[in-house]
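**Student:** The following block contains the structure, expressed as structure tokens.
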Amino acid sequence: MPATSRRGRRPADHGDTELSIRRAALRRFADSGFDATRLRDIAADAGVDVALISYRFGSKLGLWKAVVERLGANMLHQLAASAASKMAPPGEALAACMKALIDINCDNESIPRFFLHDAGGDPERSQWAFDHMSRPVLGHFLPFVRRAHDAGDVSAPIPELFFLTFAYGAAVSAARRDRIVAFVPALADEDAFRQSLYTSLIAPHVRTLRHG
């Protein structure tokens, strides 16, 4: 997948086989982390020969990078499709972006677990994840945060910190959902869990939602 894909446009998959390999790799990396994951296990999960993974992606690191690139591109596509227009009231537009990111994390819990596993690990992988996922998603959010701050709908004197704090909270909450449910059994219900995240992570910070 080219790293230069246009924002908001989902790159084409090169066949179901590569898609199956990336999905299997995402689950394995999310469950075990990069170092403990074996290509033969990914191959078994995807129903392919391990040699095919090496042929298509070159190495375990090459596959890991391909997973990160695709996740970043897909997240931008989903955020662009879900976000309110920039013509919407600033707080409303920002809240729509925040809600979309919560939904991305909740739709596939392997995504937040994957990044939480490797975010602070090997410097090369950390930089790759930042360049191909964190930085593009941050770039999507910043105009919405700045506009809402200028309108007085949020207090975000450092927009980057506002976003990173929110994004980390959303990822940890989705990745550790089982622990949250252990304390609040009612949140085992999918709709109740998502609504609780909207209420806890968005409403306290966005003025239009607090008072609208």
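Ligands are numbered from 1 in the order shown, chains are lettered A, B, ... in the order of the structure tokens, and residues start at 1 in each chain.
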Would you list the contacts of Asn105 (chain A) as a ChimeraX atom specification, taking every protein, DNA or RNA residue within 12 Å and counting only C-alpha atoms, but skipping same-chain residues closer than 3 positions in sequence?
**Tutor:** /A:71,75,78-79,98-102,108-116,167-177,193-194,197
**Student:** Output N, CA and C atoms of each residue in that selection to a file, as a CSV table (one decimal), in the first residue's frame.
**Tutor:**
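Below you can see out-v8.csv, which holds the result:
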```csv
chain,number,residue,atom,x,y,z
A,71,LEU,N,-3.8,0.2,8.4
A,71,LEU,CA,-4.6,0.7,9.5
A,71,LEU,C,-4.7,2.3,9.5
A,75,MET,N,-8.1,4.2,8.9
A,75,MET,CA,-8.6,5.1,9.9
A,75,MET,C,-8.9,6.5,9.3
A,78,GLN,N,-12.2,6.3,7.4
A,78,GLN,CA,-13.3,6.2,8.2
A,78,GLN,C,-13.6,7.6,8.9
A,79,LEU,N,-12.5,8.3,9.3
A,79,LEU,CA,-12.7,9.6,10.0
A,79,LEU,C,-13.2,10.6,9.0
A,98,MET,N,-14.4,13.0,17.3
A,98,MET,CA,-14.0,12.3,18.4
A,98,MET,C,-14.9,11.0,18.5
A,99,LYS,N,-16.1,11.1,18.2
A,99,LYS,CA,-17.0,10.0,18.3
A,99,LYS,C,-16.6,8.9,17.2
A,100,ALA,N,-16.2,9.4,16.1
A,100,ALA,CA,-15.7,8.4,15.0
A,100,ALA,C,-14.5,7.7,15.5
A,101,LEU,N,-13.6,8.3,16.2
A,101,LEU,CA,-12.4,7.6,16.6
A,101,LEU,C,-12.7,6.6,17.7
A,102,ILE,N,-13.6,6.9,18.6
A,102,ILE,CA,-14.1,6.0,19.6
A,102,ILE,C,-14.7,4.8,18.9
A,108,ASN,N,-13.1,-2.7,16.4
A,108,ASN,CA,-12.1,-3.8,16.3
A,108,ASN,C,-11.1,-3.6,17.4
A,109,GLU,N,-11.3,-4.3,18.5
A,109,GLU,CA,-10.5,-4.1,19.7
A,109,GLU,C,-9.0,-4.5,19.4
A,110,SER,N,-8.7,-5.2,18.4
A,110,SER,CA,-7.3,-5.5,18.0
A,110,SER,C,-6.6,-4.2,17.6
A,111,ILE,N,-7.3,-3.2,17.1
A,111,ILE,CA,-6.6,-2.0,16.7
A,111,ILE,C,-5.9,-1.3,17.9
A,112,PRO,N,-6.7,-0.9,18.9
A,112,PRO,CA,-6.0,-0.3,20.1
A,112,PRO,C,-5.0,-1.2,20.8
A,113,ARG,N,-5.3,-2.5,20.9
A,113,ARG,CA,-4.4,-3.4,21.5
A,113,ARG,C,-3.1,-3.5,20.7
A,114,PHE,N,-3.2,-3.5,19.4
A,114,PHE,CA,-2.0,-3.5,18.6
A,114,PHE,C,-1.1,-2.3,18.8
A,115,PHE,N,-1.6,-1.1,18.8
A,115,PHE,CA,-0.8,0.0,19.0
A,115,PHE,C,-0.3,0.2,20.4
A,116,LEU,N,-1.1,-0.2,21.4
A,116,LEU,CA,-0.7,-0.1,22.8
A,116,LEU,C,0.5,-1.1,23.1
A,167,ALA,N,-7.1,10.6,22.5
A,167,ALA,CA,-6.9,9.4,21.7
A,167,ALA,C,-6.4,8.2,22.6
A,168,TYR,N,-5.5,8.6,23.5
A,168,TYR,CA,-5.0,7.5,24.4
A,168,TYR,C,-6.1,7.0,25.3
A,169,GLY,N,-6.9,7.9,25.8
A,169,GLY,CA,-8.1,7.4,26.7
A,169,GLY,C,-9.0,6.5,25.9
A,170,ALA,N,-9.3,6.9,24.7
A,170,ALA,CA,-10.2,6.0,23.9
A,170,ALA,C,-9.6,4.7,23.6
A,171,ALA,N,-8.3,4.6,23.3
A,171,ALA,CA,-7.6,3.4,22.9
A,171,ALA,C,-7.5,2.5,24.2
A,172,VAL,N,-7.1,3.0,25.3
A,172,VAL,CA,-7.0,2.2,26.5
A,172,VAL,C,-8.4,1.7,27.0
A,173,SER,N,-9.4,2.5,26.9
A,173,SER,CA,-10.7,2.1,27.3
A,173,SER,C,-11.2,0.9,26.4
A,174,ALA,N,-11.0,1.0,25.1
A,174,ALA,CA,-11.5,-0.1,24.2
A,174,ALA,C,-10.6,-1.3,24.4
A,175,ALA,N,-9.3,-1.1,24.6
A,175,ALA,CA,-8.4,-2.3,24.7
A,175,ALA,C,-8.6,-3.0,26.1
A,176,ARG,N,-9.0,-2.3,27.1
A,176,ARG,CA,-9.2,-2.8,28.4
A,176,ARG,C,-10.7,-3.0,28.8
A,177,ARG,N,-11.5,-3.1,27.8
A,177,ARG,CA,-12.9,-3.2,28.1
A,177,ARG,C,-13.3,-4.3,29.1
A,193,PHE,N,-21.7,0.6,26.4
A,193,PHE,CA,-20.3,0.9,26.5
A,193,PHE,C,-19.9,2.1,25.7
A,194,ARG,N,-20.3,2.1,24.4
A,194,ARG,CA,-19.9,3.2,23.5
A,194,ARG,C,-20.5,4.5,24.1
A,197,LEU,N,-18.4,5.9,26.7
A,197,LEU,CA,-17.2,6.6,26.3
A,197,LEU,C,-17.5,7.9,25.7
```
**Student:** Give me, as a PyMOL selection string, all polymer residues having an atom no more than 7 Å from region 155-163 of chain A, counting only C-alpha atoms and skipping those fewer than 2 positions away in the same chain.
**Tutor:** chain A and resi 142+145-146+149+152+165-167
**Student:** Selection from above, C-alpha atoms, as a CSV table (one decimal), in the first residue's frame, can you write it?
**Tutor:**
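Just written: again21.csv:
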```csv
chain,number,residue,atom,x,y,z
A,142,LEU,CA,-6.0,19.5,14.6
A,145,VAL,CA,-9.6,21.1,17.6
A,146,ARG,CA,-8.2,24.6,16.8
A,149,HIS,CA,-10.8,26.2,20.7
A,152,GLY,CA,-14.6,28.8,22.9
A,165,THR,CA,-4.9,12.7,25.7
A,166,PHE,CA,-8.3,11.9,24.2
A,167,ALA,CA,-6.9,9.4,21.7
```
**Student:** Work out how far CA of Leu76 (chain A) is from CA of Lys60 (chain A), in Å to one decimal.
**Tutor:**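 Straight-line distance from CA of Lys60 (chain A) to CA of Leu76 (chain A) works out to 24.6 Å.
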**Student:** What's the 10 Å shell around Phe34 (chain A), counting only C-alpha atoms, without same-chain residues fewer than 4 positions away, as number ranges by chain?
**Tutor:** A: 25, 28-30, 38, 60-61, 64, 114, 117-118, 121-122, 125
**Student:** Restricted to N, CA and C atoms, what would the selected residues look like written as a compact mmCIF listing (two decimals), in the first residue's frame?
**Tutor:**
```txt
# COMPACT_ATOMS: atom_id res chain seq x y z
N ALA A 25 -2.38 -11.12 10.93
CA ALA A 25 -1.22 -10.50 11.56
C ALA A 25 -1.64 -9.48 12.61
N ARG A 28 -2.64 -11.34 15.75
CA ARG A 28 -1.49 -11.94 16.44
C ARG A 28 -0.62 -10.87 17.09
N PHE A 29 -0.33 -9.80 16.37
CA PHE A 29 0.48 -8.72 16.94
C PHE A 29 -0.22 -8.08 18.13
N ALA A 30 -1.54 -7.94 18.03
CA ALA A 30 -2.30 -7.34 19.13
C ALA A 30 -2.28 -8.23 20.36
N ARG A 38 4.94 -15.25 15.67
CA ARG A 38 5.67 -16.05 14.69
C ARG A 38 4.93 -16.02 13.35
N LYS A 60 8.93 -10.41 8.77
CA LYS A 60 7.93 -10.10 9.78
C LYS A 60 7.80 -8.59 9.96
N LEU A 61 8.94 -7.88 9.92
CA LEU A 61 8.89 -6.42 10.05
C LEU A 61 8.17 -5.80 8.86
N TRP A 64 4.56 -6.27 9.48
CA TRP A 64 4.13 -5.35 10.54
C TRP A 64 3.93 -3.94 9.97
N PHE A 114 -3.17 -3.45 19.44
CA PHE A 114 -2.00 -3.51 18.57
C PHE A 114 -1.08 -2.33 18.83
N HIS A 117 0.45 -2.22 22.35
CA HIS A 117 1.49 -3.22 22.51
C HIS A 117 2.84 -2.69 22.07
N ASP A 118 2.87 -2.00 20.93
CA ASP A 118 4.15 -1.66 20.31
C ASP A 118 4.47 -0.17 20.29
N GLY A 121 7.80 0.51 22.07
CA GLY A 121 8.82 -0.52 21.93
C GLY A 121 9.99 -0.08 21.09
N ASP A 122 10.33 -0.90 20.13
CA ASP A 122 11.47 -0.67 19.26
C ASP A 122 11.38 0.71 18.59
N ARG A 125 10.04 0.76 14.92
CA ARG A 125 8.61 0.50 14.81
C ARG A 125 7.80 1.66 15.37
```
**Student:** In Å to one decimal, how far is CA of Gly72 (chain A) from CA of Ser134 (chain A)?
**Tutor:**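 According to the coordinates, CA of Ser134 (chain A) and CA of Gly72 (chain A) are separated by 7.7 Å.
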**Student:** If you run DSSP on the backbone, which residues of region 13-178 of chain A are alpha helix (DSSP H), as a VMD selection string?
**Tutor:** chain A and resid 15 to 36 39 to 46 50 to 57 60 to 82 90 to 107 110 to 118 123 to 129 135 to 150 159 to 175 177 to 178
**Student:** Can you pull out the residues contacting Val154 (chain A)? Cut-off 7 Å, using only C-alpha atoms, and skip same-chain residues under 5 positions away; I want them as a count of residues only.
**Tutor:** 5
